[in-house]
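Pasting coords39.txt here (compact mmCIF, C-alpha atoms):
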```txt
# COMPACT_ATOMS: atom_id res chain seq x y z
CA MET A 29 -1.62 27.07 31.13
CA THR A 30 0.25 23.76 31.29
CA HIS A 31 2.30 22.56 28.33
CA VAL A 32 3.29 18.89 28.43
CA ALA A 33 6.05 17.64 26.15
CA VAL A 34 5.14 14.08 25.19
CA ILE A 35 7.88 11.71 24.07
CA ASP A 36 6.12 9.25 21.75
CA ILE A 37 8.28 6.46 20.31
CA GLY A 38 6.17 4.49 17.83
CA LYS A 39 7.36 1.55 15.78
CA THR A 40 7.42 3.59 12.58
CA ASN A 41 8.27 7.06 13.84
CA ALA A 42 9.68 8.73 16.93
CA LYS A 43 7.66 11.81 17.85
CA LEU A 44 7.76 14.71 20.25
CA ALA A 45 4.43 16.46 20.74
CA LEU A 46 3.67 19.52 22.82
CA VAL A 47 0.18 19.30 24.31
CA ASP A 48 -1.79 22.11 25.92
CA LEU A 49 -3.25 20.27 28.90
CA ASN A 50 -6.17 22.70 29.25
CA SER A 51 -7.52 22.09 25.76
CA LEU A 52 -5.81 18.75 25.00
CA THR A 53 -4.65 20.17 21.68
CA GLU A 54 -1.25 19.72 20.12
CA LEU A 55 0.69 22.95 19.75
CA ALA A 56 3.62 21.39 17.91
CA VAL A 57 4.77 17.97 16.67
CA LEU A 58 8.23 16.86 15.56
CA THR A 59 8.98 13.44 14.05
CA ARG A 60 11.87 11.32 12.88
CA PRO A 61 11.86 7.79 11.41
CA ASN A 62 12.37 5.00 13.93
CA ARG A 63 15.21 3.54 11.93
CA VAL A 64 16.36 0.05 12.85
CA MET A 65 20.14 -0.27 13.03
CA PRO A 66 21.64 -3.43 11.55
CA GLY A 67 23.77 -5.74 13.64
CA PRO A 68 26.04 -6.72 15.09
CA PRO A 69 24.93 -8.18 17.32
CA TYR A 70 21.32 -7.99 15.96
CA PRO A 71 18.88 -5.40 14.55
CA HIS A 72 18.32 -2.76 17.22
CA PHE A 73 16.76 0.65 17.80
CA ASP A 74 18.71 3.87 17.34
CA VAL A 75 18.31 5.12 20.90
CA GLU A 76 21.17 7.61 20.67
CA GLY A 77 19.70 9.14 17.53
CA HIS A 78 16.35 9.43 19.30
CA TRP A 79 17.99 10.97 22.35
CA ALA A 80 19.66 13.74 20.34
CA PHE A 81 16.36 14.40 18.52
CA LEU A 82 14.42 14.57 21.79
CA LEU A 83 16.85 16.95 23.50
CA GLU A 84 16.86 19.28 20.51
CA GLY A 85 13.04 19.16 20.33
CA LEU A 86 12.62 19.85 24.05
CA ALA A 87 14.87 22.89 23.75
CA ARG A 88 12.88 24.17 20.75
CA PHE A 89 9.50 23.60 22.42
CA HIS A 90 10.60 25.40 25.56
CA ARG A 91 12.06 28.30 23.59
CA ASP A 92 8.93 28.71 21.44
CA HIS A 93 6.13 27.81 23.85
CA GLY A 94 7.41 26.84 27.30
CA VAL A 95 7.43 23.31 28.72
CA ASN A 96 5.93 22.64 32.16
CA ALA A 97 6.12 18.83 32.35
CA ILE A 98 7.29 15.78 30.38
CA SER A 99 5.39 12.55 29.81
CA ILE A 100 6.33 9.46 27.83
CA THR A 101 4.65 6.82 25.70
CA THR A 102 6.22 4.11 23.52
CA HIS A 103 5.34 1.02 21.55
CA GLY A 104 5.22 -2.22 23.49
CA ALA A 105 7.29 -5.39 23.20
CA SER A 106 10.49 -3.65 24.23
CA ALA A 107 12.62 -3.66 27.34
CA VAL A 108 16.01 -2.10 27.99
CA LEU A 109 18.84 -3.90 29.78
CA LEU A 110 21.01 -1.58 31.87
CA ASP A 111 24.42 -2.23 33.38
CA GLN A 112 25.70 -1.05 36.75
CA LYS A 113 26.63 2.37 35.37
CA GLY A 114 23.24 2.92 33.72
CA GLY A 115 24.50 2.28 30.20
CA LEU A 116 23.15 -0.34 27.85
CA ALA A 117 24.09 -3.88 28.80
CA ALA A 118 23.01 -4.81 25.26
CA PRO A 119 21.44 -2.92 22.33
CA VAL A 120 17.65 -2.54 22.41
CA LEU A 121 16.42 -5.43 20.27
CA ASP A 122 13.99 -4.77 17.41
CA TYR A 123 11.05 -7.00 18.27
CA GLU A 124 10.59 -7.96 14.59
CA HIS A 125 13.94 -9.75 14.60
CA THR A 126 13.47 -13.50 14.17
CA GLY A 127 16.28 -14.45 16.53
CA PRO A 128 13.98 -15.41 19.42
CA ASN A 129 12.39 -18.04 17.16
CA GLU A 130 15.66 -19.98 17.42
CA THR A 131 15.07 -20.75 21.10
CA ALA A 132 11.28 -21.06 20.87
CA ASP A 133 11.14 -24.65 22.12
CA SER A 134 13.14 -24.02 25.28
CA TYR A 135 11.22 -20.80 25.92
CA ASP A 136 7.86 -22.52 25.51
CA ALA A 137 8.91 -24.99 28.18
CA ILE A 138 9.18 -22.22 30.80
CA ARG A 139 6.64 -19.55 29.78
CA PRO A 140 3.48 -19.23 31.90
CA ASP A 141 0.07 -20.27 30.65
CA PHE A 142 -2.30 -17.75 29.05
CA SER A 143 -4.55 -18.10 32.10
CA GLU A 144 -1.80 -16.55 34.27
CA THR A 145 -0.63 -13.72 32.02
CA GLY A 146 -3.40 -13.06 29.47
CA SER A 147 -0.51 -12.96 27.00
CA PRO A 148 -0.68 -15.02 23.79
CA ARG A 149 2.38 -16.75 22.38
CA LEU A 150 3.66 -14.49 19.63
CA PRO A 151 6.43 -14.90 17.04
CA MET A 152 9.80 -13.17 16.86
CA GLY A 153 10.37 -10.91 19.88
CA LEU A 154 6.78 -9.82 20.36
CA ASN A 155 6.80 -11.44 23.81
CA VAL A 156 9.43 -9.56 25.82
CA GLY A 157 10.02 -12.73 27.81
CA ALA A 158 11.04 -14.49 24.60
CA GLN A 159 13.47 -11.67 23.79
CA LEU A 160 15.10 -11.87 27.20
CA HIS A 161 15.32 -15.68 27.05
CA TRP A 162 16.96 -15.63 23.61
CA MET A 163 19.41 -12.87 24.54
CA LEU A 164 20.43 -14.66 27.74
CA GLN A 165 20.81 -17.97 25.93
CA THR A 166 22.88 -16.64 23.06
CA ASP A 167 25.09 -14.20 24.97
CA PRO A 168 26.63 -16.12 27.90
CA ASP A 169 28.11 -12.97 29.47
CA LEU A 170 24.89 -10.95 29.35
CA ASP A 171 23.47 -12.13 32.65
CA ALA A 172 26.49 -10.81 34.51
CA ARG A 173 26.20 -7.43 32.78
CA ILE A 174 22.53 -6.86 33.61
CA ALA A 175 21.91 -4.73 36.67
CA THR A 176 18.36 -3.59 35.88
CA VAL A 177 15.66 -4.21 33.29
CA VAL A 178 13.27 -1.34 32.52
CA THR A 179 10.30 -1.16 30.16
CA TYR A 180 10.76 1.14 27.19
CA PRO A 181 8.90 4.31 28.31
CA GLN A 182 10.83 4.28 31.57
CA TYR A 183 14.15 4.04 29.77
CA TRP A 184 13.56 7.58 28.52
CA GLY A 185 12.39 8.58 31.99
CA PHE A 186 15.62 7.16 33.40
CA ARG A 187 17.71 9.18 30.97
CA LEU A 188 15.82 12.32 31.94
CA THR A 189 15.74 11.82 35.73
CA GLY A 190 18.05 8.98 36.75
CA ALA A 191 15.07 7.16 38.36
CA LEU A 192 14.55 3.44 37.63
CA ALA A 193 11.02 2.11 37.11
CA SER A 194 8.73 0.02 34.94
CA ASP A 195 5.06 0.75 34.35
CA VAL A 196 2.04 -1.50 34.66
CA SER A 197 0.70 -0.88 31.15
CA SER A 198 4.00 -1.78 29.45
CA LEU A 199 4.45 -4.89 31.61
CA GLY A 200 0.86 -5.87 30.79
CA CYS A 201 1.45 -5.67 27.04
CA HIS A 202 1.93 -9.36 26.05
CA THR A 203 5.30 -9.55 27.78
CA ASP A 204 4.65 -12.86 29.61
CA LEU A 205 6.22 -11.09 32.61
CA TRP A 206 3.03 -9.81 34.31
CA ASN A 207 0.02 -11.36 36.03
CA PRO A 208 -2.76 -8.82 35.32
CA GLY A 209 -5.32 -10.53 37.52
CA GLU A 210 -3.11 -10.23 40.60
CA GLY A 211 -1.18 -7.10 39.62
CA ARG A 212 2.30 -8.61 40.10
CA PHE A 213 5.18 -10.12 38.18
CA SER A 214 4.52 -13.54 36.67
CA SER A 215 6.34 -16.76 37.47
CA LEU A 216 8.51 -16.25 34.36
CA VAL A 217 10.66 -13.58 36.03
CA ALA A 218 12.14 -16.12 38.45
CA LYS A 219 12.60 -18.71 35.69
CA LEU A 220 14.65 -16.21 33.71
CA GLY A 221 16.80 -15.50 36.78
CA LEU A 222 15.72 -11.85 36.83
CA GLU A 223 14.07 -11.64 40.24
CA GLY A 224 14.94 -8.32 41.84
CA ARG A 225 16.41 -6.96 38.61
CA ILE A 226 13.26 -5.78 36.82
CA ALA A 227 12.64 -2.22 37.98
CA PRO A 228 9.61 -1.83 40.28
CA ALA A 229 6.26 -1.53 38.54
CA ARG A 230 4.71 1.89 39.10
CA PRO A 231 1.41 3.48 38.03
CA SER A 232 1.73 5.29 34.72
CA ALA A 233 0.92 8.71 36.21
CA ASP A 234 3.52 8.54 38.98
CA LYS A 235 6.05 11.36 39.00
CA LEU A 236 9.50 9.83 38.46
CA GLY A 237 11.25 13.00 39.53
CA HIS A 238 12.69 16.19 38.06
CA ILE A 239 15.01 16.46 35.09
CA LEU A 240 18.71 16.09 35.74
CA SER A 241 20.77 19.24 36.00
CA GLU A 242 22.61 18.49 32.76
CA ILE A 243 19.29 18.12 30.92
CA ALA A 244 18.14 21.48 32.28
CA ALA A 245 21.41 23.11 31.24
CA GLY A 246 21.30 21.64 27.75
CA THR A 247 17.65 22.38 26.96
CA GLY A 248 16.90 25.51 28.95
CA LEU A 249 14.05 23.76 30.79
CA PRO A 250 13.68 24.66 34.48
CA PRO A 251 15.44 22.14 36.78
CA GLU A 252 12.13 21.53 38.58
CA THR A 253 10.43 20.24 35.38
CA PRO A 254 8.66 17.00 36.40
CA VAL A 255 8.81 13.78 34.40
CA HIS A 256 5.94 11.29 34.67
CA CYS A 257 6.41 7.54 34.59
CA GLY A 258 4.90 6.83 31.18
CA ILE A 259 2.54 4.47 29.42
CA HIS A 260 2.28 1.93 26.60
CA ASP A 261 1.06 3.78 23.49
CA SER A 262 -2.21 1.94 22.90
CA ASN A 263 -3.13 2.47 26.52
CA ALA A 264 -2.28 6.14 26.11
CA SER A 265 -4.97 6.26 23.43
CA LEU A 266 -7.37 4.48 25.76
CA LEU A 267 -6.78 6.60 28.87
CA PRO A 268 -8.75 9.76 27.94
CA HIS A 269 -11.78 7.60 27.27
CA VAL A 270 -11.43 5.57 30.44
CA LEU A 271 -11.40 8.87 32.34
CA GLY A 272 -14.14 10.60 30.39
CA ARG A 273 -16.63 8.08 28.97
CA LYS A 274 -19.24 5.82 30.45
CA ALA A 275 -18.80 2.13 29.63
CA PRO A 276 -19.40 0.17 27.50
CA PHE A 277 -17.31 1.36 24.58
CA SER A 278 -14.29 0.26 22.57
CA VAL A 279 -11.21 2.15 21.42
CA VAL A 280 -9.33 1.32 18.23
CA SER A 281 -5.76 2.64 18.33
CA THR A 282 -4.33 2.70 14.81
CA GLY A 283 -0.81 2.94 13.45
CA THR A 284 1.62 0.21 12.46
CA TRP A 285 -0.49 -1.90 14.80
CA VAL A 286 -4.26 -1.70 15.15
CA ILE A 287 -5.03 -2.41 18.81
CA VAL A 288 -8.67 -2.91 19.76
CA MET A 289 -9.59 -2.53 23.45
CA ALA A 290 -13.04 -3.08 24.96
CA VAL A 291 -14.14 -1.34 28.16
CA GLY A 292 -17.22 -2.86 29.77
CA ALA A 293 -17.19 -5.74 27.28
CA GLY A 294 -19.48 -8.73 27.39
CA LYS A 295 -18.00 -11.90 28.79
CA VAL A 296 -16.27 -13.95 26.10
CA ALA A 297 -13.55 -16.57 26.22
CA LEU A 298 -10.44 -15.00 24.72
CA ASP A 299 -8.60 -17.15 22.19
CA PRO A 300 -4.83 -16.50 22.17
CA ALA A 301 -4.54 -18.28 18.81
CA ARG A 302 -6.48 -15.37 17.30
CA ASP A 303 -4.24 -12.70 18.82
CA THR A 304 -6.58 -11.72 21.62
CA LEU A 305 -5.02 -10.81 24.94
CA ILE A 306 -5.36 -8.90 28.17
CA ASN A 307 -3.86 -5.42 28.22
CA VAL A 308 -3.46 -3.39 31.40
CA ASN A 309 -4.72 0.18 31.22
CA GLY A 310 -3.13 3.27 32.73
CA LEU A 311 -5.10 2.76 35.95
CA GLY A 312 -3.79 -0.80 36.29
CA ASP A 313 -7.04 -2.52 35.25
CA PRO A 314 -7.18 -5.51 32.84
CA VAL A 315 -8.74 -4.76 29.42
CA PRO A 316 -9.75 -7.43 26.85
CA SER A 317 -7.92 -6.60 23.63
CA ALA A 318 -7.15 -7.85 20.13
CA ARG A 319 -4.48 -6.93 17.61
CA VAL A 320 -3.73 -6.92 13.93
CA MET A 321 -0.75 -5.35 12.16
CA GLY A 322 -3.18 -3.24 10.18
CA GLY A 323 -1.02 -0.26 9.29
CA ARG A 324 1.68 -2.56 7.95
CA GLU A 325 -0.91 -4.55 5.99
CA TYR A 326 -2.29 -1.34 4.47
CA GLU A 327 1.20 -0.31 3.36
CA VAL A 328 1.83 -3.73 1.80
CA ILE A 329 -1.48 -3.71 -0.09
CA LEU A 330 -0.88 -0.25 -1.58
CA SER A 331 2.88 -0.70 -2.13
CA GLY A 332 3.50 3.03 -1.82
CA GLN A 333 1.08 3.88 -4.65
CA GLN A 334 -1.93 5.29 -2.82
CA ALA A 335 -4.54 7.16 -4.84
CA PRO A 336 -7.27 9.11 -3.01
CA ALA A 337 -10.53 7.18 -2.68
CA THR A 338 -13.49 8.50 -4.66
CA PRO A 339 -17.27 7.93 -4.38
CA GLU A 340 -17.10 6.25 -7.78
CA ALA A 341 -14.43 3.83 -6.55
CA VAL A 342 -16.48 3.01 -3.44
CA ALA A 343 -19.54 2.28 -5.60
CA ASP A 344 -17.42 0.18 -7.98
CA ILE A 345 -15.96 -1.99 -5.20
CA LEU A 346 -19.36 -2.51 -3.55
CA GLU A 347 -21.16 -3.26 -6.81
CA ASN A 348 -18.59 -5.76 -8.06
CA GLY A 349 -17.96 -7.36 -4.66
CA THR A 350 -14.19 -6.96 -5.05
CA MET A 351 -12.57 -7.83 -1.74
CA LEU A 352 -9.35 -8.97 -0.14
CA LEU A 353 -9.40 -11.94 2.23
CA PRO A 354 -6.82 -12.29 5.04
CA ALA A 355 -4.09 -12.37 5.94
CA VAL A 356 -1.63 -9.95 4.37
CA VAL A 357 0.64 -10.19 7.44
CA ARG A 358 0.27 -13.84 8.40
CA GLU A 359 2.23 -13.77 11.66
CA SER A 360 -0.35 -11.83 13.70
CA GLY A 361 -4.02 -10.95 13.90
CA PRO A 362 -7.23 -12.99 14.00
CA PHE A 363 -6.41 -15.08 10.91
CA GLN A 364 -2.82 -16.11 11.48
CA GLY A 365 -1.36 -18.50 8.95
CA ARG A 366 -3.93 -17.81 6.22
CA GLU A 367 -2.82 -16.76 2.75
CA ALA A 368 -4.27 -13.49 1.44
CA SER A 369 -6.38 -13.74 -1.71
CA TRP A 370 -8.53 -11.50 -3.86
CA ILE A 371 -12.18 -12.13 -4.69
CA GLY A 372 -13.00 -10.65 -8.07
CA GLN A 373 -10.61 -8.65 -10.21
CA GLU A 374 -7.65 -7.38 -8.17
CA PRO A 375 -7.62 -3.56 -8.43
CA ALA A 376 -4.58 -2.06 -10.08
CA LEU A 377 -1.82 -0.55 -7.98
CA GLY A 378 -2.26 3.21 -7.73
CA SER A 379 -6.00 3.09 -8.42
CA PRO A 380 -8.70 4.59 -6.17
CA GLN A 381 -10.37 1.17 -6.16
CA ARG A 382 -7.32 -0.42 -4.53
CA THR A 383 -7.32 2.25 -1.80
CA VAL A 384 -11.00 1.56 -1.12
CA ALA A 385 -10.50 -2.22 -1.07
CA ALA A 386 -7.56 -1.86 1.32
CA SER A 387 -9.59 0.40 3.62
CA PHE A 388 -12.52 -2.02 3.62
CA TYR A 389 -10.19 -4.96 4.32
CA LEU A 390 -8.67 -3.24 7.34
CA ALA A 391 -12.10 -2.21 8.65
CA LEU A 392 -13.35 -5.79 8.42
CA MET A 393 -10.27 -7.09 10.21
CA THR A 394 -10.92 -4.50 12.93
CA ALA A 395 -14.58 -5.51 13.19
CA THR A 396 -13.48 -9.13 13.63
CA CYS A 397 -11.20 -8.08 16.47
CA LEU A 398 -14.09 -6.21 18.12
CA GLU A 399 -16.31 -9.27 17.93
CA LEU A 400 -13.64 -11.55 19.41
CA ILE A 401 -13.37 -9.44 22.59
CA GLY A 402 -17.10 -8.99 23.17
CA HIS A 403 -17.27 -5.27 22.42
CA GLN A 404 -20.36 -3.25 23.20
CA GLY A 405 -21.25 0.39 22.63
CA GLU A 406 -19.75 2.99 20.32
CA VAL A 407 -16.32 2.59 18.75
CA ILE A 408 -13.73 5.37 19.00
CA VAL A 409 -10.99 5.36 16.36
CA GLU A 410 -7.66 7.01 17.22
CA GLY A 411 -4.63 7.67 15.05
CA PRO A 412 -4.08 7.75 11.28
CA PHE A 413 -7.10 5.68 10.26
CA ALA A 414 -9.44 8.12 12.01
CA ARG A 415 -8.88 10.24 8.89
CA ASN A 416 -9.86 7.41 6.51
CA ALA A 417 -13.59 7.86 5.87
CA GLU A 418 -13.96 4.60 3.92
CA TYR A 419 -12.41 2.64 6.79
CA CYS A 420 -14.71 4.30 9.34
CA GLN A 421 -17.85 3.86 7.24
CA MET A 422 -17.17 0.15 6.71
CA LEU A 423 -16.26 -0.34 10.37
CA ALA A 424 -19.61 1.16 11.42
CA ALA A 425 -21.49 -1.08 8.98
CA ALA A 426 -19.58 -4.24 9.91
CA SER A 427 -19.71 -3.73 13.68
CA GLY A 428 -23.26 -2.39 13.80
CA GLN A 429 -22.09 0.43 16.08
CA HIS A 430 -21.56 4.17 15.75
CA VAL A 431 -17.94 5.09 15.05
CA VAL A 432 -16.47 8.29 16.50
CA THR A 433 -13.10 9.59 15.35
CA SER A 434 -10.45 11.51 17.26
CA GLU A 435 -9.07 14.79 15.91
CA SER A 436 -5.67 14.25 17.56
CA ALA A 437 -2.77 13.94 15.12
CA THR A 438 -1.19 11.07 17.05
CA GLY A 439 -3.96 9.64 19.22
CA THR A 440 -1.45 8.80 21.92
CA SER A 441 -0.25 12.27 22.90
CA GLN A 442 -3.46 13.31 24.66
CA GLY A 443 -3.49 10.26 26.89
CA ALA A 444 0.18 10.54 27.75
CA ALA A 445 -0.26 14.24 28.53
CA LEU A 446 -3.09 13.41 30.91
CA LEU A 447 -0.59 11.61 33.12
CA ALA A 448 0.65 15.06 34.12
CA ALA A 449 -2.80 16.42 35.00
CA GLU A 450 -3.27 17.27 38.67
CA SER A 451 -7.07 17.19 38.33
CA LYS A 452 -9.42 15.32 36.03
CA VAL A 453 -9.35 16.56 32.43
CA VAL A 454 -11.99 15.13 30.11
CA PRO A 455 -11.44 15.29 26.34
CA SER A 456 -14.22 16.72 24.18
CA ASP A 457 -15.77 15.12 21.10
CA ALA A 458 -16.37 18.58 19.63
CA GLY A 459 -15.38 18.51 15.97
CA ALA A 460 -15.11 14.72 15.86
CA SER A 461 -16.54 12.89 12.85
CA ARG A 462 -19.32 10.36 13.43
CA PHE A 463 -20.30 7.45 11.24
CA ALA A 464 -23.61 5.62 11.63
CA PRO A 465 -23.98 1.91 10.79
CA GLY A 466 -26.80 2.51 8.28
CA SER A 467 -25.24 1.61 4.91
CA LYS A 468 -27.02 -1.51 3.63
CA PRO A 469 -24.59 -2.12 0.71
CA MET A 470 -21.63 -1.99 3.13
CA ALA A 471 -23.39 -4.28 5.62
CA LEU A 472 -24.02 -6.81 2.83
CA TYR A 473 -20.39 -6.54 1.72
CA ALA A 474 -19.24 -7.19 5.29
CA LYS A 475 -21.56 -10.19 5.59
CA ALA A 476 -20.25 -11.64 2.31
CA TRP A 477 -16.62 -11.15 3.43
CA THR A 478 -17.29 -12.92 6.73
CA SER A 479 -19.09 -15.81 5.02
CA MET A 480 -16.02 -16.54 2.89
CA LEU A 481 -13.90 -17.13 6.00
```

Show how you would write the structure in this file as structure tokens.
Amino acid sequence: MTHVAVIDIGKTNAKLALVDLNSLTELAVLTRPNRVMPGPPYPHFDVEGHWAFLLEGLARFHRDHGVNAISITTHGASAVLLDQKGGLAAPVLDYEHTGPNETADSYDAIRPDFSETGSPRLPMGLNVGAQLHWMLQTDPDLDARIATVVTYPQYWGFRLTGALASDVSSLGCHTDLWNPGEGRFSSLVAKLGLEGRIAPARPSADKLGHILSEIAAGTGLPPETPVHCGIHDSNASLLPHVLGRKAPFSVVSTGTWVIVMAVGAGKVALDPARDTLINVNGLGDPVPSARVMGGREYEVILSGQQAPATPEAVADILENGTMLLPAVVRESGPFQGREASWIGQEPALGSPQRTVAASFYLALMTATCLELIGHQGEVIVEGPFARNAEYCQMLAAASGQHVVTSESATGTSQGAALLAAESKVVPSDAGASRFAPGSKPMALYAKAWTSML
């Protein structure tokens, strides 16, 4: 039996999951909020708090179950700047900080075209290149302090092993730093003056090395415990399906962000203005993708007053045609810049009807993303919204495809654990929920929503 401890740093929560690699089930999960620390010098992630949490969790997992390997997955849009001693040359910037907007004009003058990177121009620090440009422009001493730049999963790998690396999936996540068609760094790296200082790009499954002796002593893990390179979280959700399914299909990774990725998609021209992009999967292959900040939108709509959906509320919303038009978060997604509005009577906060309307809204935004990237075949939903039946039912009706849900609590832990597999492990759909696209009232609702856009 192989137990893989998966470090999973999401935008909302930091997690540590222990996965049984034989069954791809989670034996234990620990979480802590991914709290953003205020400045100075700017809002940044609490990496030391995460580190203490991870070490304590690794020790507990090994004591209770045994840990045979460690793998890593994190949210995208983050890089870590290291100094000569391996410490932070600067705090790890929160990508939702608006600082990079201040130097947008000078950054736009040097960033590569979408045709080179498959990376759309995004606000705030959502393009890692924009983060680096802003930090270098506003901190004149920073360039001299930077010895190495690593992508975020590999920062944790570095702390565990001392090995420096980046990974292809994190570099391929709208950073502007990667050319996915040619599998190399983009022209931006030289323009930023960082040639030779971004850690080498390695496949996600590569073994970085074994844990450092001090990590072994502090956690009780064997010194020979291997640590694997790591992967961008949405691509962690995609990897089990890339390995175990026949194309075409699409995967919807849900959380703070809803990332839609199409494998074997039809040929369509991607429109960066609608938040479509090219991701790079764990095998290094380009994948047409689209994004919407769906989990955040859902939270905003419900304002912390979520009531369970009921069949009566579903019937009420469908019968009255009550719907929410985009965009709740205007800075991203397929309808950027639009102002959200209600059609019909806005459901009261804390009502089942509002929960249903929010679920339908997010499903229709997801279906739009699927259409924009030329999806074909069944749709697999990973993460929290796999447990939202109203979302899945509407997504099936709006997309015209069968929707299959994942049982995994995190969606990302299975894929990250697979990086440690020495032979092919294929996840099973046993126990998964399936939703057929047969509901005529939902299909009519989806058609009406689309017609209003």

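Atom CA of A:Arg319 is found 7.0 Å from atom CA of A:Trp285.
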
Separation of atom CA of A:Leu266 and atom CA of A:Val288, in Å?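 It comes out at 9.6 Å.
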
Shortest contact to A:Ser379, candidates A:Gly146, A:Pro336, A:Gly402, A:Pro412, atoms counted all atoms listed in the file, goes to A:Pro336

For A:His256, list every protein, DNA or RNA residue within 6 Å, evaluated using only C-alpha atoms, and leave out those in the same chain fewer than 5 positions away; present the list as an MDAnalysis selection string.
chainID A and resid 99 233:236

Which polymer residues have any atom within 8 Å of an atom of stretch 43-47 of chain A, counting only C-alpha atoms, with same-chain residues fewer than 2 positions away left out, as a list in words?
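Non-adjacent residues within range: His31, Val32, Ala33, Val34, Ile35, Asp36, Ile37, Gly38, Asn41, Leu49, Leu52, Thr53, Glu54, Leu55, Ala56, Val57, Leu58, Thr59, Arg60, Leu82, Gly85, Phe89, Val95, Ser441, Gln442 and Ala445 of chain A.
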
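Residues in contact with A:Ala343 at up to 10 Å, not including ones fewer than 5 positions away on its chain and judged by only C-alpha atoms, are Thr338, Asn348, Gly349, Gln381, Val384, Pro469 and Met470 of chain A.
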
**Report entry** Spatial neighbours of A:Ala105, max dist 8 Å, only C-alpha atoms, sep filter under 2 positions, as a PyMOL selection string
**Finding:** chain A and resi 103+107+123+153-156+198+201-203

With C-alpha atoms retained, export the selected residues as an mmCIF file, keeping the file's coordinate frame.
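Generated output (out.cif):
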```
data_model
loop_
_atom_site.group_PDB
_atom_site.id
_atom_site.type_symbol
_atom_site.label_atom_id
_atom_site.label_comp_id
_atom_site.auth_asym_id
_atom_site.auth_seq_id
_atom_site.Cartn_x
_atom_site.Cartn_y
_atom_site.Cartn_z
ATOM 1 C CA HIS A 103 5.340 1.020 21.550
ATOM 2 C CA ALA A 107 12.620 -3.660 27.340
ATOM 3 C CA TYR A 123 11.050 -7.000 18.270
ATOM 4 C CA GLY A 153 10.370 -10.910 19.880
ATOM 5 C CA LEU A 154 6.780 -9.820 20.360
ATOM 6 C CA ASN A 155 6.800 -11.440 23.810
ATOM 7 C CA VAL A 156 9.430 -9.560 25.820
ATOM 8 C CA SER A 198 4.000 -1.780 29.450
ATOM 9 C CA CYS A 201 1.450 -5.670 27.040
ATOM 10 C CA HIS A 202 1.930 -9.360 26.050
ATOM 11 C CA THR A 203 5.300 -9.550 27.780
#
```

Find the spatial neighbours of stretch 425-428 of chain A, counting only C-alpha atoms, within a cut-off of 10 Å - ignore same-chain residues fewer than 4 positions away - and output them as a PyMOL selection string. chain A and resi 388+391-399+403-407+420-421+463-475+477-478

Students should find that atom CA of A:Met321 and atom CA of A:Ala355 are spaced 10.0 Å

Report the centre and edge lengths, in Å to one decimal, of an axis-aligned box enclosing every atom of stretch 50-61 of chain A listed in the file, padded by 6 Å on each side, as lines of an AutoDock Vina configuration file.
```
center_x = 2.2
center_y = 15.4
center_z = 20.3
size_x = 31.4
size_y = 27.2
size_z = 29.8
```

Taking into account all atoms listed in the file, which residue in the set A:Val286, A:Ala193, A:Leu481, A:Leu220 is nearest to A:Gly157?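 Nearest candidate to A:Gly157 out of A:Val286, A:Ala193, A:Leu481, A:Leu220: A:Leu220.
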
Nearest to A:Leu222, restricted to only C-alpha atoms and choosing among A:Leu109, A:Gly292, A:Gly67, A:Ile243, comes out as A:Leu109

*Compare A:Gly310, A:Pro276, A:Pro250, A:Pro354 by their minimum atom-to-atom distance to A:His90, counting all atoms listed in the file, and give me the closest one.*
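When distances to A:His90 are compared using all atoms listed in the file, the smallest one comes from A:Pro250.
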
message: From the options A:Ala335, A:Val217, A:Leu267, A:Ile306, which residue's atoms come nearest to A:Leu160, counting only C-alpha atoms?
response: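 Checking each of A:Ala335, A:Val217, A:Leu267, A:Ile306 against A:Leu160, counting only C-alpha atoms, the winner is A:Val217.
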